[in-house]
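To start, the structure under review is shown below, and the notes come after it.
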Amino acid sequence: MVCDHSAPHSGVSRYLRDTAQLRLTLVCDHCGAERSEFGRVDYRPNALRFSAQLAELTARELGLDERQIA
């Protein structure tokens, strides 16, 4: 059966390493097809900041106290 794309759509971003951009698209929630690109944003991930945020979220999920989290 062919999807008519009348289902809700979600916004999806994909990192394009070669251009250091986030590609922003709309994707049909029913079939997963990319329907349209609505922009690109220059983006250079900060691995150190990301790692620190991930470590903090993990520590909080483990129930560590604020001193241990810091």
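So you can find residues: chains in the structure tokens are A, B, ... in the order shown, residues in each start at 1, and ligands are numbered from 1 in order.
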
**Long-range neighbours of Glu66 in chain A as JSON, numbers by chain, 12 Å cut-off, only C-alpha atoms, 6 positions minimum in chain** = {"A": [56, 57, 59, 60]}

**Message:** I want to know what sits within 8 Å of Cys31 in chain A, based on only C-alpha atoms, with residues of the same chain fewer than 2 positions away left out; could you give that as a VMD selection string?
**Reply:** chain A and resid 3 5 28 to 29 33

**Asked** Where does DSSP see strand (DSSP E) in chain A, if you list the residues as a VMD selection string?
**Response** chain A and resid 9 to 16 21 to 28 34 to 42

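Using only C-alpha atoms, the residues found no farther than 10 Å from Gly39 in chain A, other than those of its own chain fewer than 4 positions away, are Ser13, Gln21, Leu22, Arg23, Leu24 and Thr25 of chain A.
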
**Request:** Return as number ranges by chain the full set of residues in chain A whose backbone-based DSSP assignment is helix (DSSP H, G or I).
**Result:** A: 47-61, 66-69

**Request:** With a distance cut-off of 12 Å and only C-alpha atoms, select the neighbouring residues of Asp18 in chain A, excluding the residue or stretch itself and same-chain residues fewer than 6 positions from it, and output the selection as a ChimeraX atom specification.
**Result:** /A:42-44

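For the pair CA of Ala55 in chain A and CA of Ile69 in chain A, the interatomic distance is 8.3 Å.
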
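Among the candidate residues A:Gly63, A:Gly11, A:Ala20, A:Val27, the one lying nearest to Pro45 in chain A is A:Ala20, with distances computed using only C-alpha atoms.
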
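As for CA of Arg14 in chain A and CA of Leu54 in chain A, they are spaced 19.4 Å apart.
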